[in-house]
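Take a look at the structure set out below.
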Amino acid sequence: MENMIKVHDSEGNEFEVEVLDIFTVKGYEDKEYILYTQNVEVDEDNIEVFVSILNREGDHFVLDSIEDAEEWELVQKAVNEERDTDE
């Protein structure tokens, strides 16, 4: 496992995640998004992957949910475009 960081959720719980990517999205350049995993297997070929808003608060990171539908759509598009260029 590489690129491990400790993060906090919106309720203050701390946990460790593996960072797959940190990126911005056109139209929401004031935010950073994080694509991450806790390496939980979904099946023998796949792991669970998440995307959240990444906020840097002092000496730690806080993950926030993406609640706006238009923002979520643009984030999904950015993730899918990145995935397509990696294949």
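Ordering of the structure tokens sets the chain letters (A, B, ...), residue numbers begin anew at 1 in every chain, and ligands are numbered from 1 in the order given.
With only C-alpha atoms taken into account, the protein and nucleic acid residues at most 9 Å from stretch 12-28 of chain A (excluding it and anything under 2 positions from it in its own chain) are Met1, Glu2, Asn3, Met4, Ile5, Lys6, Val7, His8, Asp9, Ser10, Asp30, Lys31, Glu32, Tyr33, Ile34, Leu35, Tyr36, Thr37, Gln38, Asn39, Val49, Leu54, Val62, Glu71, Leu74, Val75 and Ala78 of chain A.
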* Determine which residues of chain A receive a DSSP assignment of strand (DSSP E), computed from the backbone, and state them as a PyMOL selection string. => chain A and resi 4-8+14-23+32-43+46-57+60-64
For the residues in the current selection, export N, CA and C atoms as a compact mmCIF listing (two decimals), in the first residue's frame.
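Wrote out.txt, looks like this:
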```txt
# COMPACT_ATOMS: atom_id res chain seq x y z
N MET A 4 -0.61 6.39 1.75
CA MET A 4 -1.57 6.31 2.85
C MET A 4 -1.60 7.64 3.60
N ILE A 5 -2.81 8.13 3.92
CA ILE A 5 -2.94 9.31 4.76
C ILE A 5 -4.03 9.06 5.79
N LYS A 6 -3.95 9.78 6.89
CA LYS A 6 -5.01 9.75 7.89
C LYS A 6 -5.96 10.90 7.60
N VAL A 7 -7.24 10.60 7.64
CA VAL A 7 -8.28 11.59 7.37
C VAL A 7 -9.32 11.54 8.47
N HIS A 8 -10.13 12.58 8.51
CA HIS A 8 -11.26 12.65 9.44
C HIS A 8 -12.53 12.80 8.63
N GLU A 14 -11.34 9.45 12.88
CA GLU A 14 -10.09 9.36 12.12
C GLU A 14 -9.92 7.95 11.57
N PHE A 15 -9.45 7.87 10.31
CA PHE A 15 -9.15 6.58 9.71
C PHE A 15 -8.10 6.78 8.62
N GLU A 16 -7.50 5.69 8.19
CA GLU A 16 -6.45 5.74 7.19
C GLU A 16 -6.99 5.27 5.85
N VAL A 17 -6.60 5.97 4.79
CA VAL A 17 -7.02 5.60 3.44
C VAL A 17 -5.83 5.62 2.50
N GLU A 18 -5.95 4.87 1.42
CA GLU A 18 -4.95 4.92 0.36
C GLU A 18 -5.43 5.90 -0.71
N VAL A 19 -4.63 6.90 -1.00
CA VAL A 19 -4.97 7.91 -1.99
C VAL A 19 -4.69 7.36 -3.38
N LEU A 20 -5.73 7.35 -4.21
CA LEU A 20 -5.58 6.93 -5.60
C LEU A 20 -5.35 8.14 -6.50
N ASP A 21 -5.97 9.27 -6.15
CA ASP A 21 -5.81 10.50 -6.93
C ASP A 21 -6.38 11.67 -6.14
N ILE A 22 -5.80 12.83 -6.33
CA ILE A 22 -6.36 14.09 -5.84
C ILE A 22 -6.46 14.99 -7.06
N PHE A 23 -7.63 15.60 -7.27
CA PHE A 23 -7.86 16.35 -8.50
C PHE A 23 -8.84 17.49 -8.27
N GLU A 32 -10.80 20.61 -3.78
CA GLU A 32 -10.02 19.45 -4.17
C GLU A 32 -10.85 18.21 -3.89
N TYR A 33 -10.74 17.23 -4.76
CA TYR A 33 -11.45 15.97 -4.61
C TYR A 33 -10.42 14.86 -4.44
N ILE A 34 -10.79 13.85 -3.67
CA ILE A 34 -9.89 12.73 -3.43
C ILE A 34 -10.59 11.44 -3.83
N LEU A 35 -9.90 10.65 -4.61
CA LEU A 35 -10.33 9.31 -4.97
C LEU A 35 -9.51 8.39 -4.08
N TYR A 36 -10.18 7.56 -3.28
CA TYR A 36 -9.46 6.79 -2.26
C TYR A 36 -10.10 5.44 -2.01
N THR A 37 -9.37 4.59 -1.30
CA THR A 37 -9.87 3.28 -0.93
C THR A 37 -9.36 2.91 0.46
N GLN A 38 -10.09 2.01 1.08
CA GLN A 38 -9.63 1.38 2.32
C GLN A 38 -9.31 -0.08 2.03
N ASN A 39 -9.20 -0.39 0.74
CA ASN A 39 -8.83 -1.72 0.25
C ASN A 39 -9.76 -2.83 0.72
N VAL A 40 -11.05 -2.53 0.73
CA VAL A 40 -12.07 -3.54 1.05
C VAL A 40 -12.50 -4.18 -0.27
N GLU A 41 -12.37 -5.50 -0.35
CA GLU A 41 -12.72 -6.20 -1.57
C GLU A 41 -14.24 -6.28 -1.76
N VAL A 42 -14.66 -5.96 -2.98
CA VAL A 42 -16.06 -6.12 -3.37
C VAL A 42 -16.26 -7.54 -3.90
N ASP A 43 -15.30 -7.97 -4.70
CA ASP A 43 -15.24 -9.34 -5.18
C ASP A 43 -13.77 -9.63 -5.45
N ASN A 46 -12.12 -6.71 -7.57
CA ASN A 46 -12.40 -5.29 -7.35
C ASN A 46 -12.35 -4.91 -5.88
N ILE A 47 -11.94 -3.66 -5.65
CA ILE A 47 -11.99 -3.09 -4.30
C ILE A 47 -12.95 -1.91 -4.31
N GLU A 48 -13.45 -1.58 -3.14
CA GLU A 48 -14.35 -0.45 -2.98
C GLU A 48 -13.56 0.85 -3.10
N VAL A 49 -14.05 1.78 -3.92
CA VAL A 49 -13.39 3.06 -4.16
C VAL A 49 -14.40 4.17 -3.89
N PHE A 50 -13.92 5.26 -3.28
CA PHE A 50 -14.77 6.38 -2.91
C PHE A 50 -14.20 7.68 -3.46
N VAL A 51 -15.05 8.68 -3.58
CA VAL A 51 -14.60 10.02 -3.92
C VAL A 51 -15.29 10.99 -2.96
N SER A 52 -14.53 11.94 -2.45
CA SER A 52 -15.05 12.93 -1.51
C SER A 52 -14.39 14.28 -1.77
N ILE A 53 -14.94 15.30 -1.18
CA ILE A 53 -14.28 16.61 -1.15
C ILE A 53 -13.20 16.52 -0.09
N LEU A 54 -11.99 16.96 -0.43
CA LEU A 54 -10.86 16.93 0.49
C LEU A 54 -10.61 18.32 1.03
N ASN A 55 -10.78 18.49 2.33
CA ASN A 55 -10.51 19.76 2.98
C ASN A 55 -9.30 19.62 3.88
N ARG A 56 -8.39 20.56 3.78
CA ARG A 56 -7.21 20.57 4.64
C ARG A 56 -7.50 21.54 5.77
N GLU A 57 -7.57 21.01 6.98
CA GLU A 57 -7.86 21.83 8.15
C GLU A 57 -6.71 21.70 9.13
N HIS A 60 -4.53 18.31 9.56
CA HIS A 60 -5.20 17.08 9.14
C HIS A 60 -6.17 17.33 7.98
N PHE A 61 -6.64 16.23 7.41
CA PHE A 61 -7.55 16.27 6.27
C PHE A 61 -8.94 15.86 6.71
N VAL A 62 -9.95 16.52 6.17
CA VAL A 62 -11.34 16.19 6.46
C VAL A 62 -12.04 15.87 5.13
N LEU A 63 -12.77 14.76 5.12
CA LEU A 63 -13.53 14.36 3.94
C LEU A 63 -14.98 14.79 4.08
N ASP A 64 -15.49 15.44 3.05
CA ASP A 64 -16.89 15.87 3.04
C ASP A 64 -17.60 15.23 1.86
```
* Asked: Which of stretch 45-75 of chain A counts as helix (DSSP H, G or I) under DSSP, as a count of residues only please?
  -> 7
* **Atom pair atom CA of A:Trp72 / atom CA of A:Asp45: separation (Å)** =>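 So the two atoms, atom CA of A:Trp72 and atom CA of A:Asp45, lie 25.8 Å apart.
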